[in-house]
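Raw input-v6.tsv, TSV, C-alpha atoms:
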```tsv
chain	number	residue	atom	x	y	z
A	1	MET	CA	-16.50	-1.78	55.76
A	2	ALA	CA	-13.15	-3.11	56.91
A	3	ALA	CA	-14.12	-6.64	55.92
A	4	LEU	CA	-15.13	-5.44	52.48
A	5	SER	CA	-11.85	-3.61	51.87
A	6	GLN	CA	-10.02	-6.67	53.21
A	7	LYS	CA	-11.79	-8.73	50.56
A	8	HIS	CA	-10.80	-6.24	47.88
A	9	ILE	CA	-7.20	-6.41	48.98
A	10	GLN	CA	-7.32	-10.20	48.78
A	11	LEU	CA	-8.70	-9.94	45.27
A	12	ALA	CA	-6.03	-7.47	44.27
A	13	LEU	CA	-3.31	-9.74	45.59
A	14	ALA	CA	-4.70	-12.57	43.48
A	15	LEU	CA	-3.89	-10.62	40.33
A	16	PRO	CA	-0.68	-11.48	38.47
A	17	PRO	CA	2.29	-9.36	39.56
A	18	ARG	CA	2.56	-7.61	36.22
A	19	LEU	CA	-0.98	-6.31	36.41
A	20	ARG	CA	-0.61	-5.49	40.09
A	21	THR	CA	2.46	-3.38	39.37
A	22	PHE	CA	0.66	-1.59	36.58
A	23	LEU	CA	-2.38	-0.81	38.72
A	24	ALA	CA	-0.13	0.36	41.57
A	25	ARG	CA	1.58	2.79	39.22
A	26	TYR	CA	-1.51	3.91	37.37
A	27	PRO	CA	-4.49	3.40	39.69
A	28	PRO	CA	-7.83	4.50	38.22
A	29	ALA	CA	-9.67	7.18	40.17
A	30	ALA	CA	-12.60	4.80	40.66
A	31	ILE	CA	-10.79	2.50	43.10
A	32	LEU	CA	-8.91	5.15	45.08
A	33	PRO	CA	-10.23	5.74	48.56
A	34	THR	CA	-11.65	9.22	48.92
A	35	ALA	CA	-9.97	11.22	51.61
A	36	PRO	CA	-12.29	11.89	54.52
A	37	GLY	CA	-13.62	15.40	54.52
A	38	ALA	CA	-12.60	16.08	50.91
A	39	GLY	CA	-15.38	17.32	48.68
A	40	ALA	CA	-16.24	16.18	45.18
A	41	SER	CA	-14.16	19.03	43.78
A	42	ALA	CA	-10.98	17.76	45.46
A	43	GLU	CA	-8.26	16.53	43.14
A	44	THR	CA	-7.74	12.80	43.21
A	45	PRO	CA	-4.24	12.06	44.40
A	46	LYS	CA	-1.89	10.95	41.66
A	47	THR	CA	1.15	8.74	41.74
A	48	ALA	CA	4.46	10.05	40.41
A	49	TYR	CA	3.99	7.89	37.34
A	50	GLN	CA	0.61	9.46	36.66
A	51	GLU	CA	2.04	12.94	37.15
A	52	GLU	CA	4.49	12.17	34.37
A	53	THR	CA	2.12	10.48	31.94
A	54	PRO	CA	-1.61	10.60	32.64
A	55	ASN	CA	-2.23	7.73	30.21
A	56	PRO	CA	0.80	5.50	29.68
A	57	PHE	CA	-0.94	3.94	26.66
A	58	GLN	CA	-1.05	7.19	24.65
A	59	PRO	CA	1.71	9.26	23.06
A	60	LEU	CA	2.35	12.50	24.90
A	61	LYS	CA	3.34	15.93	23.63
A	62	HIS	CA	6.03	17.40	25.83
A	63	PRO	CA	4.68	20.68	27.22
A	64	ALA	CA	8.05	22.49	27.00
A	65	THR	CA	9.68	21.14	23.87
A	66	GLY	CA	6.54	20.31	21.89
A	67	LYS	CA	8.05	16.95	20.92
A	68	TRP	CA	5.89	13.87	20.82
A	69	HIS	CA	7.02	11.13	23.17
A	70	ASP	CA	6.09	7.52	22.54
A	71	PRO	CA	3.67	5.81	24.93
A	72	LYS	CA	5.31	4.34	28.03
A	73	TYR	CA	3.90	0.99	27.01
A	74	SER	CA	4.38	-0.24	23.45
A	75	LEU	CA	1.36	-1.51	21.53
A	76	ARG	CA	2.58	-5.06	22.09
A	77	ARG	CA	2.81	-4.56	25.87
A	78	GLN	CA	-0.52	-2.74	25.90
A	79	ALA	CA	-2.14	-5.72	24.23
A	80	GLU	CA	-0.50	-8.05	26.75
A	81	ILE	CA	-1.70	-6.00	29.73
A	82	VAL	CA	-5.21	-5.83	28.28
A	83	LYS	CA	-5.22	-9.57	27.74
A	84	ILE	CA	-4.16	-10.31	31.32
A	85	ALA	CA	-6.70	-7.80	32.67
A	86	ARG	CA	-9.49	-9.31	30.57
A	87	GLU	CA	-8.70	-12.78	31.84
A	88	HIS	CA	-9.02	-11.51	35.40
A	89	GLY	CA	-12.09	-9.40	34.67
A	90	VAL	CA	-10.58	-6.03	35.55
A	91	GLU	CA	-10.25	-4.50	32.11
A	92	GLU	CA	-12.36	-1.47	33.02
A	93	LEU	CA	-9.66	-0.43	35.53
A	94	LEU	CA	-7.15	0.22	32.74
A	95	PRO	CA	-6.81	3.60	31.06
A	96	PHE	CA	-8.01	4.06	27.49
A	97	THR	CA	-6.06	2.05	24.92
A	98	VAL	CA	-6.59	1.21	21.25
A	99	LYS	CA	-5.98	-2.41	22.23
A	100	GLY	CA	-8.99	-2.49	24.55
A	101	THR	CA	-11.81	-4.88	23.77
A	102	GLU	CA	-14.40	-2.14	23.31
A	103	GLU	CA	-12.20	-0.11	21.00
A	104	ARG	CA	-11.38	-3.20	18.94
A	105	LEU	CA	-15.04	-4.13	18.61
A	106	ARG	CA	-15.88	-0.57	17.61
A	107	LYS	CA	-13.21	-0.66	14.89
A	108	ARG	CA	-14.49	-4.01	13.67
A	109	VAL	CA	-18.03	-2.61	13.44
A	110	GLU	CA	-16.76	0.52	11.69
A	111	LEU	CA	-14.51	-1.21	9.19
A	112	GLY	CA	-15.84	-4.75	9.01
A	113	LEU	CA	-13.64	-7.38	7.40
A	114	ARG	CA	-12.80	-4.93	4.66
A	115	VAL	CA	-9.77	-5.23	2.40
A	116	LYS	CA	-7.57	-2.16	2.58
A	117	GLY	CA	-7.68	0.03	-0.49
A	118	THR	CA	-11.24	-0.87	-1.51
A	119	GLY	CA	-13.00	1.97	0.34
A	120	VAL	CA	-14.25	5.25	-1.08
A	121	GLY	CA	-11.36	7.43	-2.19
A	122	GLU	CA	-8.81	4.73	-1.42
A	123	GLN	CA	-6.63	3.07	-3.96
A	124	VAL	CA	-3.75	0.65	-3.99
A	125	LYS	CA	-0.66	1.40	-6.02
A	126	GLY	CA	-0.67	-1.83	-8.02
A	127	HIS	CA	1.98	-3.10	-10.41
A	128	LYS	CA	3.35	-0.88	-13.15
A	129	HIS	CA	1.62	-2.87	-15.90
A	130	GLU	CA	-1.68	-2.48	-14.03
A	131	ARG	CA	-1.26	1.29	-13.74
A	132	GLN	CA	-0.41	1.60	-17.43
A	133	LEU	CA	-3.09	-0.78	-18.64
A	134	VAL	CA	-5.74	1.84	-19.46
A	135	SER	CA	-3.48	4.11	-21.47
A	136	LYS	CA	-2.02	1.15	-23.38
A	137	MET	CA	-5.47	-0.17	-24.27
A	138	GLU	CA	-6.48	3.27	-25.46
A	139	LYS	CA	-3.37	3.53	-27.64
A	140	LYS	CA	-4.09	0.13	-29.21
A	141	ARG	CA	-7.75	1.01	-29.76
A	142	LYS	CA	-6.85	4.25	-31.54
A	143	ALA	CA	-4.27	2.50	-33.69
A	144	MET	CA	-6.79	-0.16	-34.69
A	145	LEU	CA	-9.38	2.50	-35.63
A	146	GLU	CA	-6.84	4.09	-37.95
A	147	MET	CA	-5.66	0.76	-39.36
A	148	PRO	CA	-8.00	0.51	-42.41
A	149	ASP	CA	-6.99	3.99	-43.56
A	150	LEU	CA	-3.32	3.20	-43.05
A	151	ILE	CA	-3.57	-0.03	-45.04
A	152	ARG	CA	-5.46	1.72	-47.83
A	153	GLU	CA	-2.81	4.41	-48.00
A	154	TRP	CA	-0.01	1.84	-47.91
A	155	LYS	CA	-1.62	-0.09	-50.78
A	156	LYS	CA	-2.03	3.10	-52.77
A	157	VAL	CA	1.57	4.27	-52.27
A	158	GLY	CA	2.97	0.77	-52.75
A	159	LYS	CA	5.65	-0.85	-50.65
A	160	ARG	CA	8.41	0.20	-53.04
A	161	ASN	CA	7.71	3.89	-52.48
A	162	TRP	CA	6.74	3.76	-48.80
A	163	THR	CA	8.97	6.02	-46.71
A	164	LYS	CA	7.24	6.38	-43.32
A	165	PHE	CA	8.91	3.78	-41.15
A	166	PRO	CA	8.69	3.66	-37.38
A	167	LYS	CA	11.65	4.45	-35.16
B	1	MET	CA	43.89	-2.11	-39.72
B	2	ALA	CA	41.49	-3.17	-42.39
B	3	LYS	CA	37.91	-2.06	-42.07
B	4	LYS	CA	35.53	-4.73	-40.86
B	5	THR	CA	33.43	-5.92	-43.76
B	6	LYS	CA	29.68	-5.50	-43.47
B	7	SER	CA	27.57	-8.58	-43.90
B	8	ARG	CA	25.55	-8.83	-47.07
B	9	VAL	CA	22.38	-9.92	-45.31
B	10	ILE	CA	20.90	-8.11	-42.32
B	11	LEU	CA	18.31	-8.94	-39.65
B	12	VAL	CA	15.36	-6.57	-39.59
B	13	ARG	CA	12.48	-6.15	-37.21
B	14	LEU	CA	8.96	-5.63	-38.56
B	15	LEU	CA	6.88	-3.75	-36.02
B	16	SER	CA	3.11	-4.02	-35.75
B	17	MET	CA	1.34	-0.75	-36.54
B	18	ALA	CA	-1.37	-1.67	-34.02
B	19	GLN	CA	0.98	-0.28	-31.29
B	20	THR	CA	1.03	-3.61	-29.51
B	21	GLY	CA	4.80	-3.93	-29.52
B	22	PHE	CA	4.54	-7.24	-31.37
B	23	PHE	CA	7.13	-7.82	-34.11
B	24	TYR	CA	8.44	-10.33	-36.59
B	25	THR	CA	12.11	-10.72	-37.42
B	26	PHE	CA	13.28	-11.33	-40.98
B	27	THR	CA	16.52	-11.33	-42.90
B	28	ARG	CA	16.92	-9.35	-46.06
B	29	PRO	CA	19.83	-8.27	-48.28
B	30	ARG	CA	21.33	-5.03	-47.05
B	31	THR	CA	20.87	-3.34	-50.38
B	32	SER	CA	17.19	-4.15	-50.87
B	33	LEU	CA	14.31	-1.83	-49.98
B	34	PRO	CA	12.92	-1.78	-46.42
B	35	MET	CA	10.25	-4.41	-45.84
B	36	SER	CA	6.57	-3.92	-45.14
B	37	MET	CA	3.74	-6.44	-45.18
B	38	LEU	CA	0.30	-7.31	-43.93
B	39	LYS	CA	0.65	-9.94	-41.26
B	40	TYR	CA	-1.16	-11.41	-38.29
B	41	ASP	CA	-0.83	-9.68	-34.91
B	42	PRO	CA	-1.82	-12.19	-32.18
B	43	ILE	CA	-2.44	-9.45	-29.61
B	44	VAL	CA	-5.23	-7.76	-31.57
B	45	ARG	CA	-5.96	-11.07	-33.35
B	46	ARG	CA	-6.17	-9.83	-36.89
B	47	LYS	CA	-4.02	-8.93	-39.87
B	48	VAL	CA	-2.41	-5.54	-39.55
B	49	LEU	CA	0.33	-3.62	-41.30
B	50	PHE	CA	3.87	-4.39	-40.24
B	51	LEU	CA	6.64	-1.92	-41.11
B	52	GLU	CA	10.35	-2.30	-40.77
B	53	GLN	CA	11.84	-0.54	-37.81
B	54	LYS	CA	14.52	2.02	-38.58
B	55	ARG	CA	17.91	0.70	-37.63
B	56	LYS	CA	20.03	2.44	-35.05
B	57	GLY	CA	23.35	4.04	-35.87
B	58	LYS	CA	24.98	3.87	-39.27
B	59	ALA	CA	23.07	1.50	-41.47
```

Render the structure in this file as structure tokens.
Amino acid sequence: MAALSQKHIQLALALPPRLRTFLARYPPAAILPTAPGAGASAETPKTAYQEETPNPFQPLKHPATGKWHDPKYSLRRQAEIVKIAREHGVEELLPFTVKGTEERLRKRVELGLRVKGTGVGEQVKGHKHERQLVSKMEKKRKAMLEMPDLIREWKKVGKRNWTKFPK
Amino acid sequence: MAKKTKSRVILVRLLSMAQTGFFYTFTRPRTSLPMSMLKYDPIVRRKVLFLEQKRKGKA
């Protein structure tokens, strides 16, 4: 038993300091030694960091003020931690993060290599001329349908007596 | 100060009645009647009626 834990300690010390610090502050319940005599119902001991933010990768609503606080680790730093952990094969020891490999794969499966704005009910704003294209085409089409009548009327009235000029 | 004399000939804009915004520009004597003609509109690619646009301000 002692030899096994000694080996684990050696492995832990082999991790880069950044990851070691993170795991010391936010140790997952899985690797904590269970106190002798404590039952399954006993609370796992928490570090002061964990008391403050259970998951440092998620935003937290302050219980008193109701304000949302940003995650302790920015998305960039989360991605960095995940990357280091993955390289050392200990990613499952990290708390849940949107930057995790599993979550990223799930998103990729869900969304594919889709272009934003092409989904159901989604639309992109587009340029002004693109937004106005349909109504302009309709206006032209209507005008062209009325054109033969207009020309006939114009020929009947004659250009000397024509009074309806556009603004 | 003497009043500025108006030019005898004016520039007019003949607007396509196909609502394409296409126009031709012509000159005509100020005193003549407003212009109108059948002419080619390249946007709808056919001959349509062109009418002179009303001029702004005092004509």

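With all atoms listed in the file taken into account, the protein and nucleic acid residues at most 8 Å from A:Ala48 (excluding it and anything under 3 positions from it in its own chain) are Arg25, Glu51 and Glu52 of chain A.
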
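Closest approach to B:Leu38 among A:Val90, A:Ala24, A:Leu11, A:Leu150 is made by A:Leu150 (distances from only C-alpha atoms).
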
Practice task
Considering only C-alpha atoms, extract the chain B residues located within 9 Å of chain A and return them as a PyMOL selection string.
Solution key: chain B and resi 15+17-20+33-38+44+48-49+51-56

Print the selection's residues with C-alpha atoms to a file, as a PDB file, in the coordinates of the input.
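Final file, selection_27.pdb:
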```pdb
ATOM      1  CA  LEU B  15       6.880  -3.750 -36.020  1.00  0.00           C
ATOM      2  CA  MET B  17       1.340  -0.750 -36.540  1.00  0.00           C
ATOM      3  CA  ALA B  18      -1.370  -1.670 -34.020  1.00  0.00           C
ATOM      4  CA  GLN B  19       0.980  -0.280 -31.290  1.00  0.00           C
ATOM      5  CA  THR B  20       1.030  -3.610 -29.510  1.00  0.00           C
ATOM      6  CA  LEU B  33      14.310  -1.830 -49.980  1.00  0.00           C
ATOM      7  CA  PRO B  34      12.920  -1.780 -46.420  1.00  0.00           C
ATOM      8  CA  MET B  35      10.250  -4.410 -45.840  1.00  0.00           C
ATOM      9  CA  SER B  36       6.570  -3.920 -45.140  1.00  0.00           C
ATOM     10  CA  MET B  37       3.740  -6.440 -45.180  1.00  0.00           C
ATOM     11  CA  LEU B  38       0.300  -7.310 -43.930  1.00  0.00           C
ATOM     12  CA  VAL B  44      -5.230  -7.760 -31.570  1.00  0.00           C
ATOM     13  CA  VAL B  48      -2.410  -5.540 -39.550  1.00  0.00           C
ATOM     14  CA  LEU B  49       0.330  -3.620 -41.300  1.00  0.00           C
ATOM     15  CA  LEU B  51       6.640  -1.920 -41.110  1.00  0.00           C
ATOM     16  CA  GLU B  52      10.350  -2.300 -40.770  1.00  0.00           C
ATOM     17  CA  GLN B  53      11.840  -0.540 -37.810  1.00  0.00           C
ATOM     18  CA  LYS B  54      14.520   2.020 -38.580  1.00  0.00           C
ATOM     19  CA  ARG B  55      17.910   0.700 -37.630  1.00  0.00           C
ATOM     20  CA  LYS B  56      20.030   2.440 -35.050  1.00  0.00           C
TER      21      LYS B  56
END
```

Exercise for the section: Considering only C-alpha atoms, state which residue in the set A:Gln50, A:Gln123, A:Ser5, A:Thr101 is at the smallest distance from A:Gly89. Expected result: A:Thr101

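Minimum atom-to-atom distances from A:Val134, A:Arg86, A:Gln58, A:Glu110 to A:Val98 were compared using only C-alpha atoms, and the lowest value belongs to A:Gln58.
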
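The interatomic distance for the pair atom CA of A:Lys67 and atom CA of A:Phe96 works out to 21.6 Å.
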
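Across the model, the gap from atom CA of A:Lys61 to atom CA of A:Glu91 is 26.0 Å.
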
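Taking atom CA of B:Lys39 and atom CA of A:Lys155 as endpoints, the distance between them is 13.9 Å.
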
Practice task
Would you mind listing what lies within 9 Å of A:Leu75 as a PyMOL selection string, with all atoms listed in the file counted and same-chain residues fewer than 2 positions away left out?
Solution key: chain A and resi 57+71+73+77-80+97-99

Is it possible to produce a file of stretch 107-143 of chain A from this structure, with N, CA and C atoms, as a short mmCIF file (atom, residue, chain, number, x, y, z; two decimals), in the first residue's frame?
```cif
data_model
loop_
_atom_site.label_atom_id
_atom_site.label_comp_id
_atom_site.auth_asym_id
_atom_site.auth_seq_id
_atom_site.Cartn_x
_atom_site.Cartn_y
_atom_site.Cartn_z
N LYS A 107 -19.36 18.75 -29.13
CA LYS A 107 -19.77 19.94 -29.89
C LYS A 107 -19.55 19.71 -31.38
N ARG A 108 -18.41 19.10 -31.71
CA ARG A 108 -18.09 18.88 -33.12
C ARG A 108 -19.11 17.93 -33.75
N VAL A 109 -19.49 16.89 -32.96
CA VAL A 109 -20.50 15.94 -33.45
C VAL A 109 -21.84 16.66 -33.61
N GLU A 110 -22.17 17.51 -32.63
CA GLU A 110 -23.47 18.19 -32.64
C GLU A 110 -23.56 19.20 -33.79
N LEU A 111 -22.49 19.95 -33.99
CA LEU A 111 -22.55 21.05 -34.95
C LEU A 111 -21.87 20.74 -36.27
N GLY A 112 -20.96 19.79 -36.28
CA GLY A 112 -20.22 19.49 -37.50
C GLY A 112 -19.33 20.67 -37.90
N LEU A 113 -18.99 20.73 -39.17
CA LEU A 113 -18.15 21.82 -39.66
C LEU A 113 -19.04 22.89 -40.29
N ARG A 114 -20.11 23.18 -39.61
CA ARG A 114 -21.19 24.01 -40.12
C ARG A 114 -20.77 25.48 -40.15
N VAL A 115 -21.28 26.20 -41.13
CA VAL A 115 -21.05 27.64 -41.20
C VAL A 115 -22.14 28.32 -40.39
N LYS A 116 -21.76 29.24 -39.55
CA LYS A 116 -22.71 29.92 -38.69
C LYS A 116 -23.73 30.69 -39.53
N GLY A 117 -24.99 30.60 -39.11
CA GLY A 117 -26.02 31.35 -39.82
C GLY A 117 -26.74 30.54 -40.86
N THR A 118 -26.32 29.27 -41.06
CA THR A 118 -26.97 28.45 -42.09
C THR A 118 -27.96 27.45 -41.50
N GLY A 119 -28.05 27.40 -40.16
CA GLY A 119 -28.94 26.44 -39.52
C GLY A 119 -30.40 26.85 -39.61
N VAL A 120 -31.26 26.00 -39.03
CA VAL A 120 -32.69 26.29 -39.05
C VAL A 120 -32.97 27.49 -38.14
N GLY A 121 -33.69 28.45 -38.66
CA GLY A 121 -34.04 29.63 -37.86
C GLY A 121 -32.92 30.61 -37.66
N GLU A 122 -31.75 30.34 -38.25
CA GLU A 122 -30.64 31.28 -38.13
C GLU A 122 -30.54 32.10 -39.39
N GLN A 123 -30.10 33.33 -39.24
CA GLN A 123 -29.82 34.11 -40.44
C GLN A 123 -28.72 35.11 -40.17
N VAL A 124 -27.98 35.43 -41.21
CA VAL A 124 -26.93 36.42 -41.08
C VAL A 124 -27.49 37.75 -41.55
N LYS A 125 -26.94 38.82 -41.05
CA LYS A 125 -27.50 40.14 -41.37
C LYS A 125 -27.31 40.48 -42.84
N GLY A 126 -26.12 40.27 -43.36
CA GLY A 126 -25.87 40.57 -44.76
C GLY A 126 -25.70 42.05 -45.01
N HIS A 127 -25.28 42.39 -46.24
CA HIS A 127 -25.14 43.79 -46.61
C HIS A 127 -26.50 44.40 -46.87
N LYS A 128 -26.54 45.72 -46.87
CA LYS A 128 -27.81 46.42 -47.06
C LYS A 128 -28.41 46.06 -48.42
N HIS A 129 -27.59 46.02 -49.46
CA HIS A 129 -28.12 45.75 -50.80
C HIS A 129 -28.68 44.33 -50.88
N GLU A 130 -28.12 43.42 -50.05
CA GLU A 130 -28.62 42.05 -50.04
C GLU A 130 -29.98 41.98 -49.33
N ARG A 131 -30.11 42.77 -48.26
CA ARG A 131 -31.38 42.76 -47.53
C ARG A 131 -32.50 43.39 -48.34
N GLN A 132 -32.14 44.37 -49.19
CA GLN A 132 -33.16 45.09 -49.95
C GLN A 132 -33.41 44.47 -51.32
N LEU A 133 -32.66 43.43 -51.64
CA LEU A 133 -32.71 42.88 -52.99
C LEU A 133 -34.12 42.44 -53.39
N VAL A 134 -34.79 41.72 -52.50
CA VAL A 134 -36.10 41.14 -52.84
C VAL A 134 -37.11 42.24 -53.13
N SER A 135 -37.17 43.24 -52.25
CA SER A 135 -38.17 44.28 -52.45
C SER A 135 -37.88 45.10 -53.71
N LYS A 136 -36.59 45.28 -54.02
CA LYS A 136 -36.23 46.03 -55.23
C LYS A 136 -36.63 45.26 -56.48
N MET A 137 -36.38 43.96 -56.47
CA MET A 137 -36.73 43.12 -57.62
C MET A 137 -38.24 43.16 -57.85
N GLU A 138 -38.96 43.10 -56.74
CA GLU A 138 -40.43 43.11 -56.82
C GLU A 138 -40.94 44.43 -57.43
N LYS A 139 -40.30 45.52 -56.99
CA LYS A 139 -40.68 46.85 -57.50
C LYS A 139 -40.44 46.94 -59.00
N LYS A 140 -39.27 46.42 -59.44
CA LYS A 140 -38.94 46.44 -60.87
C LYS A 140 -39.91 45.58 -61.65
N ARG A 141 -40.24 44.40 -61.09
CA ARG A 141 -41.12 43.47 -61.79
C ARG A 141 -42.49 44.11 -61.99
N LYS A 142 -43.01 44.74 -60.94
CA LYS A 142 -44.31 45.40 -61.04
C LYS A 142 -44.28 46.50 -62.08
N ALA A 143 -43.21 47.30 -62.05
CA ALA A 143 -43.10 48.41 -63.00
C ALA A 143 -43.06 47.88 -64.44
#
```
